[in-house]
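Visitor: Here you go, this is query01.pdb (PDB, C-alpha atoms, pLDDT in the B column).
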```
ATOM      1  CA  MET A 293     -10.126   1.955 -41.479  1.00 43.00           C
ATOM      2  CA  GLU A 294     -11.694   3.543 -38.407  1.00 57.00           C
ATOM      3  CA  ASN A 295     -13.941   0.514 -37.889  1.00 59.00           C
ATOM      4  CA  GLY A 296     -10.911  -1.756 -38.227  1.00 60.00           C
ATOM      5  CA  ASN A 297      -9.107   0.150 -35.471  1.00 63.00           C
ATOM      6  CA  LYS A 298     -12.159  -0.110 -33.223  1.00 61.00           C
ATOM      7  CA  ILE A 299     -12.337  -3.866 -33.755  1.00 60.00           C
ATOM      8  CA  LYS A 300      -8.632  -4.203 -32.941  1.00 59.00           C
ATOM      9  CA  ALA A 301      -9.119  -2.150 -29.792  1.00 60.00           C
ATOM     10  CA  ILE A 302     -12.009  -4.385 -28.718  1.00 60.00           C
ATOM     11  CA  VAL A 303     -10.021  -7.547 -29.354  1.00 57.00           C
ATOM     12  CA  TYR A 304      -7.046  -6.220 -27.402  1.00 55.00           C
ATOM     13  CA  ALA A 305      -9.330  -5.188 -24.537  1.00 57.00           C
ATOM     14  CA  LEU A 306     -10.877  -8.668 -24.386  1.00 56.00           C
ATOM     15  CA  MET A 307      -7.428 -10.264 -24.390  1.00 54.00           C
ATOM     16  CA  ALA A 308      -6.299  -7.930 -21.620  1.00 55.00           C
ATOM     17  CA  ALA A 309      -9.422  -8.664 -19.552  1.00 53.00           C
ATOM     18  CA  MET A 310      -8.915 -12.413 -19.938  1.00 50.00           C
ATOM     19  CA  PHE A 311      -5.244 -12.161 -18.986  1.00 48.00           C
ATOM     20  CA  TYR A 312      -6.103 -10.063 -15.942  1.00 51.00           C
ATOM     21  CA  ALA A 313      -8.831 -12.453 -14.845  1.00 47.00           C
ATOM     22  CA  LEU A 314      -6.645 -15.514 -15.262  1.00 43.00           C
ATOM     23  CA  ASN A 315      -3.982 -13.925 -13.081  1.00 46.00           C
ATOM     24  CA  MET A 316      -6.372 -13.122 -10.263  1.00 49.00           C
ATOM     25  CA  PRO A 317      -6.339 -15.646  -7.406  1.00 46.00           C
ATOM     26  CA  LEU A 318      -9.425 -17.832  -7.573  1.00 43.00           C
ATOM     27  CA  SER A 319      -8.902 -19.271  -4.097  1.00 43.00           C
ATOM     28  CA  LYS A 320      -9.777 -17.498  -0.857  1.00 51.00           C
ATOM     29  CA  VAL A 321      -7.879 -14.254  -0.247  1.00 59.00           C
ATOM     30  CA  LEU A 322      -7.134 -13.759   3.446  1.00 60.00           C
ATOM     31  CA  LEU A 323      -7.239 -10.164   4.679  1.00 69.00           C
ATOM     32  CA  THR A 324      -6.170  -9.455   8.266  1.00 68.00           C
ATOM     33  CA  ASP A 325      -5.682  -6.348  10.372  1.00 66.00           C
ATOM     34  CA  ARG A 326      -2.543  -5.637  12.436  1.00 64.00           C
ATOM     35  CA  SER A 327      -3.752  -7.869  15.274  1.00 63.00           C
ATOM     36  CA  GLY A 328      -4.141 -10.793  12.881  1.00 67.00           C
ATOM     37  CA  LYS A 329      -7.937 -10.689  12.976  1.00 73.00           C
ATOM     38  CA  GLU A 330      -9.500 -11.892   9.730  1.00 74.00           C
ATOM     39  CA  MET A 331     -11.470  -9.257   7.832  1.00 77.00           C
ATOM     40  CA  TYR A 332     -14.409  -9.609   5.486  1.00 80.00           C
ATOM     41  CA  TRP A 333     -14.013  -9.624   1.699  1.00 85.00           C
ATOM     42  CA  ASN A 334     -16.064  -7.749  -0.864  1.00 89.00           C
ATOM     43  CA  HIS A 335     -15.593  -5.806  -4.098  1.00 90.00           C
ATOM     44  CA  ASN A 336     -14.088  -2.913  -2.141  1.00 91.00           C
ATOM     45  CA  SER A 337     -11.754  -4.769   0.196  1.00 90.00           C
ATOM     46  CA  ALA A 338     -10.535  -6.714  -2.837  1.00 91.00           C
ATOM     47  CA  TYR A 339      -8.361  -3.648  -3.544  1.00 93.00           C
ATOM     48  CA  TYR A 340      -7.043  -3.119  -0.015  1.00 93.00           C
ATOM     49  CA  SER A 341      -3.758  -4.918  -0.704  1.00 91.00           C
ATOM     50  CA  TRP A 342      -3.214  -2.790  -3.818  1.00 93.00           C
ATOM     51  CA  ILE A 343      -3.881   0.352  -1.780  1.00 95.00           C
ATOM     52  CA  LYS A 344      -1.507  -0.811   0.957  1.00 94.00           C
ATOM     53  CA  LYS A 345       1.318  -1.186  -1.561  1.00 94.00           C
ATOM     54  CA  THR A 346       0.522   2.231  -3.003  1.00 95.00           C
ATOM     55  CA  VAL A 347       0.790   3.964   0.408  1.00 96.00           C
ATOM     56  CA  THR A 348       3.835   2.050   1.651  1.00 94.00           C
ATOM     57  CA  ASN A 349       5.876   5.217   2.194  1.00 94.00           C
ATOM     58  CA  CYS A 350       2.976   7.384   3.378  1.00 96.00           C
ATOM     59  CA  THR A 351       2.748   8.248   7.081  1.00 95.00           C
ATOM     60  CA  ASN A 352      -0.331  10.492   7.306  1.00 97.00           C
ATOM     61  CA  ILE A 353      -3.394   9.149   5.487  1.00 98.00           C
ATOM     62  CA  LEU A 354      -7.016  10.228   5.090  1.00 98.00           C
ATOM     63  CA  ASP A 355      -9.742   7.722   4.177  1.00 98.00           C
ATOM     64  CA  VAL A 356     -12.783   9.598   2.865  1.00 98.00           C
ATOM     65  CA  GLY A 357     -16.017   7.652   3.275  1.00 95.00           C
ATOM     66  CA  CYS A 358     -14.388   5.139   5.596  1.00 94.00           C
ATOM     67  CA  GLY A 359     -17.583   3.295   6.541  1.00 92.00           C
ATOM     68  CA  GLU A 360     -16.927   1.154   9.615  1.00 91.00           C
ATOM     69  CA  GLY A 361     -13.176   1.644   9.292  1.00 93.00           C
ATOM     70  CA  SER A 362     -12.021  -1.612   7.719  1.00 92.00           C
ATOM     71  CA  LEU A 363      -9.466   0.021   5.404  1.00 95.00           C
ATOM     72  CA  VAL A 364      -8.095   2.153   8.219  1.00 96.00           C
ATOM     73  CA  ARG A 365      -7.554  -0.958  10.350  1.00 94.00           C
ATOM     74  CA  PHE A 366      -6.022  -2.819   7.416  1.00 94.00           C
ATOM     75  CA  LEU A 367      -3.516  -0.041   6.714  1.00 95.00           C
ATOM     76  CA  ASP A 368      -2.593   0.488  10.372  1.00 93.00           C
ATOM     77  CA  ASP A 369       0.953  -0.830  10.801  1.00 91.00           C
ATOM     78  CA  GLY A 370       1.636   0.901  14.099  1.00 90.00           C
ATOM     79  CA  TYR A 371       3.500   3.773  12.437  1.00 93.00           C
ATOM     80  CA  LYS A 372       1.070   5.425  10.040  1.00 94.00           C
ATOM     81  CA  LYS A 373      -1.413   7.968  11.354  1.00 96.00           C
ATOM     82  CA  ILE A 374      -4.730   7.306   9.644  1.00 97.00           C
ATOM     83  CA  THR A 375      -7.888   9.388   9.793  1.00 97.00           C
ATOM     84  CA  GLY A 376     -11.209   8.019   8.619  1.00 97.00           C
ATOM     85  CA  ILE A 377     -14.199  10.269   8.009  1.00 97.00           C
ATOM     86  CA  ASP A 378     -17.759   9.389   7.095  1.00 96.00           C
ATOM     87  CA  VAL A 379     -21.075  11.187   7.151  1.00 94.00           C
ATOM     88  CA  ASP A 380     -22.862   8.142   8.601  1.00 91.00           C
ATOM     89  CA  GLY A 381     -22.942   8.267  12.401  1.00 93.00           C
ATOM     90  CA  PRO A 382     -23.580   4.553  13.102  1.00 92.00           C
ATOM     91  CA  CYS A 383     -20.649   3.584  10.846  1.00 91.00           C
ATOM     92  CA  ILE A 384     -18.306   5.919  12.710  1.00 95.00           C
ATOM     93  CA  GLU A 385     -19.494   4.619  16.085  1.00 94.00           C
ATOM     94  CA  LYS A 386     -18.793   1.070  14.927  1.00 92.00           C
ATOM     95  CA  ALA A 387     -15.384   2.104  13.598  1.00 92.00           C
ATOM     96  CA  LYS A 388     -14.474   3.643  16.956  1.00 95.00           C
ATOM     97  CA  ALA A 389     -15.673   0.545  18.804  1.00 93.00           C
ATOM     98  CA  LEU A 390     -13.565  -1.747  16.609  1.00 91.00           C
ATOM     99  CA  SER A 391     -10.461   0.433  16.741  1.00 90.00           C
ATOM    100  CA  LYS A 392      -7.694  -0.780  19.057  1.00 86.00           C
ATOM    101  CA  SER A 393      -4.996   1.675  18.002  1.00 90.00           C
ATOM    102  CA  ASP A 394      -4.043   5.231  18.965  1.00 93.00           C
ATOM    103  CA  LYS A 395      -2.860   5.704  15.369  1.00 94.00           C
ATOM    104  CA  GLU A 396      -6.452   5.589  14.145  1.00 95.00           C
ATOM    105  CA  GLU A 397      -8.877   8.505  14.300  1.00 96.00           C
ATOM    106  CA  PHE A 398     -12.515   8.514  13.196  1.00 97.00           C
ATOM    107  CA  LEU A 399     -14.671  11.565  12.625  1.00 96.00           C
ATOM    108  CA  CYS A 400     -18.313  11.872  11.634  1.00 96.00           C
ATOM    109  CA  CYS A 401     -18.526  14.668   9.087  1.00 93.00           C
ATOM    110  CA  ASP A 402     -19.182  15.529   5.485  1.00 94.00           C
ATOM    111  CA  PHE A 403     -15.984  15.815   3.435  1.00 96.00           C
ATOM    112  CA  GLU A 404     -17.005  19.203   2.025  1.00 91.00           C
ATOM    113  CA  GLU A 405     -17.310  20.520   5.600  1.00 92.00           C
ATOM    114  CA  TYR A 406     -14.192  18.781   6.919  1.00 94.00           C
ATOM    115  CA  THR A 407     -11.573  21.193   8.253  1.00 93.00           C
ATOM    116  CA  THR A 408      -8.087  20.377   9.472  1.00 93.00           C
ATOM    117  CA  GLU A 409      -4.636  21.880   9.778  1.00 92.00           C
ATOM    118  CA  LYS A 410      -3.115  18.561   8.706  1.00 93.00           C
ATOM    119  CA  VAL A 411      -1.743  17.786   5.295  1.00 96.00           C
ATOM    120  CA  PHE A 412      -1.847  14.190   4.093  1.00 98.00           C
ATOM    121  CA  ASP A 413       0.601  11.996   2.220  1.00 96.00           C
ATOM    122  CA  ALA A 414      -2.331  10.066   0.778  1.00 98.00           C
ATOM    123  CA  ILE A 415      -6.057  10.657   0.474  1.00 98.00           C
ATOM    124  CA  ILE A 416      -8.178   7.649  -0.421  1.00 98.00           C
ATOM    125  CA  PHE A 417     -11.703   7.260  -1.770  1.00 98.00           C
ATOM    126  CA  VAL A 418     -12.973   3.676  -1.918  1.00 96.00           C
ATOM    127  CA  ALA A 419     -16.440   3.459  -3.495  1.00 94.00           C
ATOM    128  CA  SER A 420     -17.258   6.817  -1.922  1.00 94.00           C
ATOM    129  CA  ILE A 421     -16.549   9.614  -4.386  1.00 95.00           C
ATOM    130  CA  HIS A 422     -19.753   8.913  -6.335  1.00 93.00           C
ATOM    131  CA  HIS A 423     -21.660   9.829  -3.151  1.00 92.00           C
ATOM    132  CA  MET A 424     -20.254  13.363  -3.523  1.00 94.00           C
ATOM    133  CA  ASP A 425     -19.797  16.105  -6.079  1.00 95.00           C
ATOM    134  CA  MET A 426     -16.725  14.602  -7.758  1.00 96.00           C
ATOM    135  CA  VAL A 427     -15.265  17.929  -8.879  1.00 97.00           C
ATOM    136  CA  LYS A 428     -15.554  19.512  -5.427  1.00 96.00           C
ATOM    137  CA  ALA A 429     -14.238  16.369  -3.723  1.00 97.00           C
ATOM    138  CA  ILE A 430     -11.157  16.188  -5.948  1.00 97.00           C
ATOM    139  CA  GLU A 431     -10.413  19.897  -5.615  1.00 97.00           C
ATOM    140  CA  LYS A 432     -10.653  19.684  -1.826  1.00 97.00           C
ATOM    141  CA  ALA A 433      -8.529  16.530  -1.691  1.00 97.00           C
ATOM    142  CA  LYS A 434      -5.827  18.239  -3.753  1.00 97.00           C
ATOM    143  CA  SER A 435      -5.776  21.139  -1.305  1.00 96.00           C
ATOM    144  CA  LEU A 436      -5.233  18.762   1.637  1.00 97.00           C
ATOM    145  CA  LEU A 437      -2.362  16.820   0.061  1.00 97.00           C
ATOM    146  CA  SER A 438       1.260  17.408   0.952  1.00 96.00           C
ATOM    147  CA  PRO A 439       3.499  18.549  -1.948  1.00 95.00           C
ATOM    148  CA  SER A 440       4.468  14.917  -2.592  1.00 94.00           C
ATOM    149  CA  GLY A 441       1.083  13.449  -1.679  1.00 96.00           C
ATOM    150  CA  LYS A 442      -1.035  11.101  -3.740  1.00 97.00           C
ATOM    151  CA  LEU A 443      -4.738  10.775  -4.419  1.00 98.00           C
ATOM    152  CA  ILE A 444      -6.115   7.240  -4.716  1.00 98.00           C
ATOM    153  CA  ILE A 445      -9.577   6.458  -6.032  1.00 97.00           C
ATOM    154  CA  VAL A 446     -11.317   3.102  -6.264  1.00 96.00           C
ATOM    155  CA  GLY A 447     -14.489   4.228  -7.980  1.00 95.00           C
ATOM    156  CA  LEU A 448     -17.722   3.045  -9.524  1.00 95.00           C
ATOM    157  CA  SER A 449     -19.221   4.253 -12.789  1.00 95.00           C
ATOM    158  CA  LYS A 450     -21.638   3.299 -15.542  1.00 94.00           C
ATOM    159  CA  PRO A 451     -20.270   2.195 -18.924  1.00 95.00           C
ATOM    160  CA  SER A 452     -20.296   4.846 -21.637  1.00 94.00           C
ATOM    161  CA  SER A 453     -18.614   3.411 -24.694  1.00 91.00           C
ATOM    162  CA  LEU A 454     -18.781   0.081 -26.485  1.00 88.00           C
ATOM    163  CA  LEU A 455     -15.398  -0.775 -25.009  1.00 86.00           C
ATOM    164  CA  ASP A 456     -16.690   0.009 -21.499  1.00 90.00           C
ATOM    165  CA  TRP A 457     -19.610  -2.379 -22.035  1.00 91.00           C
ATOM    166  CA  ILE A 458     -17.374  -5.147 -23.357  1.00 87.00           C
ATOM    167  CA  ILE A 459     -15.134  -4.858 -20.311  1.00 86.00           C
ATOM    168  CA  GLU A 460     -18.173  -4.734 -18.015  1.00 89.00           C
ATOM    169  CA  ILE A 461     -19.571  -7.953 -19.498  1.00 88.00           C
ATOM    170  CA  GLY A 462     -16.151  -9.611 -19.537  1.00 84.00           C
ATOM    171  CA  ARG A 463     -15.780  -9.072 -15.787  1.00 86.00           C
ATOM    172  CA  VAL A 464     -18.970 -10.874 -14.793  1.00 88.00           C
ATOM    173  CA  ILE A 465     -17.886 -14.541 -14.721  1.00 86.00           C
ATOM    174  CA  PRO A 466     -14.373 -14.183 -13.199  1.00 85.00           C
ATOM    175  CA  SER A 467     -15.674 -11.710 -10.611  1.00 86.00           C
ATOM    176  CA  LYS A 468     -18.499 -14.096  -9.696  1.00 88.00           C
ATOM    177  CA  ILE A 469     -16.062 -16.999  -9.264  1.00 85.00           C
ATOM    178  CA  ILE A 470     -13.713 -14.990  -7.057  1.00 85.00           C
ATOM    179  CA  SER A 471     -16.595 -13.515  -5.049  1.00 85.00           C
ATOM    180  CA  THR A 472     -17.994 -16.969  -4.325  1.00 87.00           C
ATOM    181  CA  ALA A 473     -14.565 -18.290  -3.328  1.00 85.00           C
ATOM    182  CA  ASN A 474     -14.176 -15.445  -0.849  1.00 82.00           C
ATOM    183  CA  ASN A 475     -17.677 -15.571   0.666  1.00 83.00           C
ATOM    184  CA  ILE A 476     -18.458 -12.012  -0.354  1.00 82.00           C
ATOM    185  CA  GLN A 477     -20.143  -9.757   2.202  1.00 76.00           C
ATOM    186  CA  ASN A 478     -21.810  -6.828   0.475  1.00 74.00           C
ATOM    187  CA  SER A 479     -21.876  -3.363   2.017  1.00 70.00           C
ATOM    188  CA  GLU A 480     -25.629  -3.714   2.560  1.00 67.00           C
ATOM    189  CA  GLU A 481     -24.997  -6.762   4.759  1.00 70.00           C
ATOM    190  CA  LEU A 482     -22.548  -4.684   6.792  1.00 67.00           C
ATOM    191  CA  ASN A 483     -25.056  -1.813   7.157  1.00 67.00           C
ATOM    192  CA  VAL A 484     -22.776   0.524   5.224  1.00 71.00           C
ATOM    193  CA  PRO A 485     -24.771   3.077   3.163  1.00 69.00           C
ATOM    194  CA  VAL A 486     -24.559   2.553  -0.590  1.00 74.00           C
ATOM    195  CA  SER A 487     -25.572   4.560  -3.643  1.00 74.00           C
ATOM    196  CA  TYR A 488     -26.147   3.274  -7.147  1.00 78.00           C
ATOM    197  CA  GLU A 489     -26.464   6.761  -8.627  1.00 86.00           C
ATOM    198  CA  LEU A 490     -23.272   6.371 -10.629  1.00 93.00           C
ATOM    199  CA  PRO A 491     -21.605   8.791 -13.034  1.00 94.00           C
ATOM    200  CA  LYS A 492     -20.944   7.704 -16.602  1.00 95.00           C
ATOM    201  CA  MET A 493     -17.414   6.604 -17.316  1.00 95.00           C
ATOM    202  CA  ASP A 494     -16.898   9.314 -19.924  1.00 95.00           C
ATOM    203  CA  GLU A 495     -17.790  11.915 -17.263  1.00 96.00           C
ATOM    204  CA  VAL A 496     -15.195  10.383 -14.941  1.00 96.00           C
ATOM    205  CA  ARG A 497     -12.548  10.421 -17.670  1.00 95.00           C
ATOM    206  CA  SER A 498     -13.332  14.036 -18.528  1.00 96.00           C
ATOM    207  CA  THR A 499     -13.137  15.169 -14.886  1.00 96.00           C
ATOM    208  CA  VAL A 500      -9.901  13.295 -14.276  1.00 96.00           C
ATOM    209  CA  LYS A 501      -8.294  14.664 -17.425  1.00 95.00           C
ATOM    210  CA  ARG A 502      -9.180  18.231 -16.399  1.00 96.00           C
ATOM    211  CA  LEU A 503      -8.376  18.095 -12.676  1.00 97.00           C
ATOM    212  CA  LEU A 504      -5.750  15.361 -12.351  1.00 96.00           C
ATOM    213  CA  PRO A 505      -3.235  15.763 -15.193  1.00 93.00           C
ATOM    214  CA  GLY A 506      -1.072  12.715 -15.692  1.00 91.00           C
ATOM    215  CA  ALA A 507      -3.393  10.377 -13.789  1.00 93.00           C
ATOM    216  CA  GLY A 508      -4.093   7.075 -15.465  1.00 86.00           C
ATOM    217  CA  ILE A 509      -7.374   5.209 -15.075  1.00 92.00           C
ATOM    218  CA  ARG A 510      -7.409   1.440 -15.290  1.00 90.00           C
ATOM    219  CA  TYR A 511     -10.182  -1.073 -14.856  1.00 90.00           C
ATOM    220  CA  GLY A 512     -10.309  -3.366 -11.843  1.00 89.00           C
ATOM    221  CA  LEU A 513     -11.884  -6.784 -12.134  1.00 86.00           C
ATOM    222  CA  HIS A 514     -14.667  -6.206  -9.601  1.00 91.00           C
ATOM    223  CA  TYR A 515     -16.633  -3.432 -11.363  1.00 91.00           C
ATOM    224  CA  ARG A 516     -14.305  -0.668 -10.189  1.00 93.00           C
ATOM    225  CA  TYR A 517     -11.924   1.753 -11.851  1.00 94.00           C
ATOM    226  CA  LEU A 518      -8.576   2.448 -10.188  1.00 95.00           C
ATOM    227  CA  LEU A 519      -6.717   5.746 -10.182  1.00 95.00           C
ATOM    228  CA  VAL A 520      -3.569   7.155  -8.592  1.00 96.00           C
ATOM    229  CA  TRP A 521      -2.528  10.786  -8.982  1.00 97.00           C
ATOM    230  CA  ASN A 522       0.748  12.161  -7.660  1.00 95.00           C
ATOM    231  CA  LYS A 523       0.703  15.839  -6.689  1.00 93.00           C
ATOM    232  CA  ALA A 524       4.450  16.224  -7.187  1.00 89.00           C
ATOM    233  CA  GLY A 525       5.164  17.855 -10.520  1.00 73.00           C
ATOM    234  CA  ASN A 526       1.556  19.047 -10.995  1.00 76.00           C
TER     235      ASN A 526
END
```
Could you show the structure in this file as structure tokens?
Guide:
Amino acid sequence: MENGNKIKAIVYALMAAMFYALNMPLSKVLLTDRSGKEMYWNHNSAYYSWIKKTVTNCTNILDVGCGEGSLVRFLDDGYKKITGIDVDGPCIEKAKALSKSDKEEFLCCDFEEYTTEKVFDAIIFVASIHHMDMVKAIEKAKSLLSPSGKLIIVGLSKPSSLLDWIIEIGRVIPSKIISTANNIQNSEELNVPVSYELPKMDEVRSTVKRLLPGAGIRYGLHYRYLLVWNKAGN
């Protein structure tokens, strides 16, 4: 009976992955900043539009591990105040050089050492939390959130379970098609530091369950997991 339930779960997961892939746009996805300048596309910026919808009503935002500031520029609507921090000096210098808005602020610092009197409506980690101690990063982010703030993570991990591996394999072809259509520019090409020392997915699930009650994790198509946690009520 247990094996039968596992098989059903696998079948449902494959069906869900196929449905998700078929509903992803296979043509070029145009990302632009507030000035209308076209931005690059990769497996991180693929989720920028989703993030933008998630922070629609947020006015004070922190992007942790901002790289050269592309997400900050994408979210800048002229009203939001957005801070980007990164430990990499050259990335922050590039972010400052590209910034054309007084609503954007960039700081070169380690998140664990970051101090501020601000509280944020949203704190975002895009492919950055695996560069840090995840427990410490989440605990600090929670302390910097406003009472109604939200934590958003677009993260990377290694598969743990059979279901994780099936989803990982099922993402390969549709992700490749979409990446080709959008002329993918990897972080390495943009001189943004990367790390492939990834936590296992079961470690991520365990940490999230313990520190972020009520948060749901879902799989993104481009080898990422997506998470939103609302501080209100927790």
Visitor: Work out how far CA of Cys358 in chain A is from CA of Asn474 in chain A, in Å to one decimal.
Guide: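 Rounded to one decimal, the two atoms are 21.6 Å apart.
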Visitor: Tell me which of A:Pro451, A:Val427, A:Ser487, A:Asn475 sits closest to Arg502 in chain A, counting only C-alpha atoms.
Guide: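 Distance minimum relative to Arg502 in chain A lands on A:Val427.
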Visitor: I need the residue nearest Thr408 in chain A from this list: A:Ile445, A:Ala389, A:Ile476, A:Leu354. Use all atoms listed in the file for the distance.
Guide: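 Nearest to Thr408 in chain A: A:Leu354.
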Visitor: May I have the residues within 8 Å of Lys386 in chain A as a list in words, using all atoms listed in the file and disregarding those fewer than 4 positions away in the same chain?
Guide: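 Those residues are Glu360, Gly361, Pro382 and Leu390 of chain A.
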Visitor: Return the single residue from A:Leu519, A:Val486, A:Ile461, A:Ala387 that is closest to Trp342 in chain A, with distances computed using all atoms listed in the file.
Guide: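 Of A:Leu519, A:Val486, A:Ile461, A:Ala387, the one nearest Trp342 in chain A is A:Leu519, counting all atoms listed in the file.
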Visitor: Find the residues near Ile415 in chain A: any atom within 8 Å, counting all atoms listed in the file, skip ones fewer than 5 places away on the same chain, and give them as a PyMOL selection string.
Guide: chain A and resi 353-356+433+437+441-444
Visitor: Of the candidates A:Lys434, A:Lys329, A:Glu409, A:Ile469, which shows the shortest atom-to-atom distance to Asn526 in chain A, using all atoms listed in the file?
Guide: A:Lys434
Visitor: Find the residue from A:Met493, A:Leu504, A:Val347, A:Ile421 that sits nearest to Asp378 in chain A; use all atoms listed in the file when measuring.
Guide: A:Ile421
Visitor: Can you tell me which residues surround Ile377 in chain A at a distance of at most 12 Å, considering only C-alpha atoms, apart from same-chain residues fewer than 6 positions away, and format the answer as a PyMOL selection string?
Guide: chain A and resi 353-361+363-364+383-385+387-388+396-408+415-418+420
Visitor: Using all atoms listed in the file, which of the listed residues (A:Ala429, A:Val484, A:Val520, A:Val464) sits closest to Asp380 in chain A?
Guide: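 Nearest candidate to Asp380 in chain A out of A:Ala429, A:Val484, A:Val520, A:Val464: A:Val484.
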Visitor: Name the residues within 9 Å of (-15.4, -1.8, -0.9), counting all atoms listed in the file in the file's coordinates, and put them as a PyMOL selection string.
Guide: chain A and resi 333-340+363+418-420+446+478-479
Visitor: Once you add 4 Å to each side, what are the centre and edge lengths of the axis-aligned box holding all listed atoms of range 491-495 of chain A? One decimal in Å, as lines of an AutoDock Vina configuration file, if you can.
Guide:
```
center_x = -19.3
center_y = 9.3
center_z = -16.5
size_x = 12.7
size_y = 13.3
size_z = 14.9
```
Visitor: Could you tell me, as a VMD selection string, exactly which residues end up selected when the PyMOL selection byres ((chain A and resi 352) around 9) is applied to this structure?
Guide: chain A and resid 350 to 351 353 to 354 372 to 375 410 to 415
Visitor: Counting all atoms listed in the file, what are the residues of range 382-486 of chain A within 10 Å of range 494-501 of chain A, and for each of them which pair of atoms is the nearest and at what distance in Å, to one decimal? Sort the table by chain and rising number, as JSON lines.
Guide:
```
{"residue": "A:His422", "atom": "CA", "partner": "A:Val496", "partner_atom": "CA", "distance": 9.8}
{"residue": "A:Met426", "atom": "CA", "partner": "A:Thr499", "partner_atom": "CA", "distance": 8.0}
{"residue": "A:Val427", "atom": "CA", "partner": "A:Thr499", "partner_atom": "CA", "distance": 6.9}
{"residue": "A:Ile430", "atom": "CA", "partner": "A:Val500", "partner_atom": "CA", "distance": 8.9}
{"residue": "A:Gly447", "atom": "CA", "partner": "A:Val496", "partner_atom": "CA", "distance": 9.3}
{"residue": "A:Leu448", "atom": "CA", "partner": "A:Val496", "partner_atom": "CA", "distance": 9.5}
{"residue": "A:Ser449", "atom": "CA", "partner": "A:Val496", "partner_atom": "CA", "distance": 7.6}
{"residue": "A:Lys450", "atom": "CA", "partner": "A:Asp494", "partner_atom": "CA", "distance": 8.8}
{"residue": "A:Pro451", "atom": "CA", "partner": "A:Asp494", "partner_atom": "CA", "distance": 7.9}
{"residue": "A:Ser452", "atom": "CA", "partner": "A:Asp494", "partner_atom": "CA", "distance": 5.9}
{"residue": "A:Ser453", "atom": "CA", "partner": "A:Asp494", "partner_atom": "CA", "distance": 7.8}
{"residue": "A:Asp456", "atom": "CA", "partner": "A:Asp494", "partner_atom": "CA", "distance": 9.4}
```
Visitor: Expressed in Å to a single decimal, how great is the separation between CA of Ala507 in chain A and CA of Asn522 in chain A?
Guide: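 Those two atoms sit 7.6 Å apart.
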Visitor: Just how far from CA of Tyr517 in chain A is CA of Thr346 in chain A, in Å to one decimal?
Guide: 15.3 Å
Visitor: Identify all residues satisfying the PyMOL selection byres ((chain A and resi 525) around 10) in the given file; provide them as a count of residues only.
Guide: 8
Visitor: Start from the incomplete input, build N, CA and C atoms for range 425-437 of chain A, and deliver everything as a CSV table (one decimal), keeping the file's coordinate frame.
Guide:
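Everything below was put into rebuild16.csv:
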```
chain,number,residue,atom,x,y,z
A,425,ASP,N,-20.1,15.4,-4.9
A,425,ASP,CA,-19.8,16.1,-6.1
A,425,ASP,C,-18.3,15.8,-6.4
A,426,MET,N,-18.1,15.1,-7.5
A,426,MET,CA,-16.7,14.6,-7.8
A,426,MET,C,-15.7,15.8,-7.9
A,427,VAL,N,-16.2,16.8,-8.6
A,427,VAL,CA,-15.3,17.9,-8.9
A,427,VAL,C,-14.9,18.6,-7.6
A,428,LYS,N,-15.9,18.9,-6.7
A,428,LYS,CA,-15.6,19.5,-5.4
A,428,LYS,C,-14.7,18.6,-4.5
A,429,ALA,N,-15.0,17.3,-4.6
A,429,ALA,CA,-14.2,16.4,-3.7
A,429,ALA,C,-12.8,16.3,-4.2
A,430,ILE,N,-12.5,16.3,-5.4
A,430,ILE,CA,-11.2,16.2,-5.9
A,430,ILE,C,-10.4,17.5,-5.6
A,431,GLU,N,-11.1,18.6,-5.9
A,431,GLU,CA,-10.4,19.9,-5.6
A,431,GLU,C,-10.1,20.0,-4.1
A,432,LYS,N,-11.0,19.6,-3.3
A,432,LYS,CA,-10.7,19.7,-1.8
A,432,LYS,C,-9.5,18.7,-1.5
A,433,ALA,N,-9.6,17.5,-2.0
A,433,ALA,CA,-8.5,16.5,-1.7
A,433,ALA,C,-7.2,17.1,-2.1
A,434,LYS,N,-7.1,17.7,-3.3
A,434,LYS,CA,-5.8,18.2,-3.8
A,434,LYS,C,-5.3,19.3,-2.8
A,435,SER,N,-6.2,20.1,-2.2
A,435,SER,CA,-5.8,21.1,-1.3
A,435,SER,C,-5.3,20.6,0.0
A,436,LEU,N,-5.6,19.4,0.4
A,436,LEU,CA,-5.2,18.8,1.6
A,436,LEU,C,-4.0,17.9,1.5
A,437,LEU,N,-3.5,17.7,0.3
A,437,LEU,CA,-2.4,16.8,0.1
A,437,LEU,C,-1.1,17.6,0.3
```
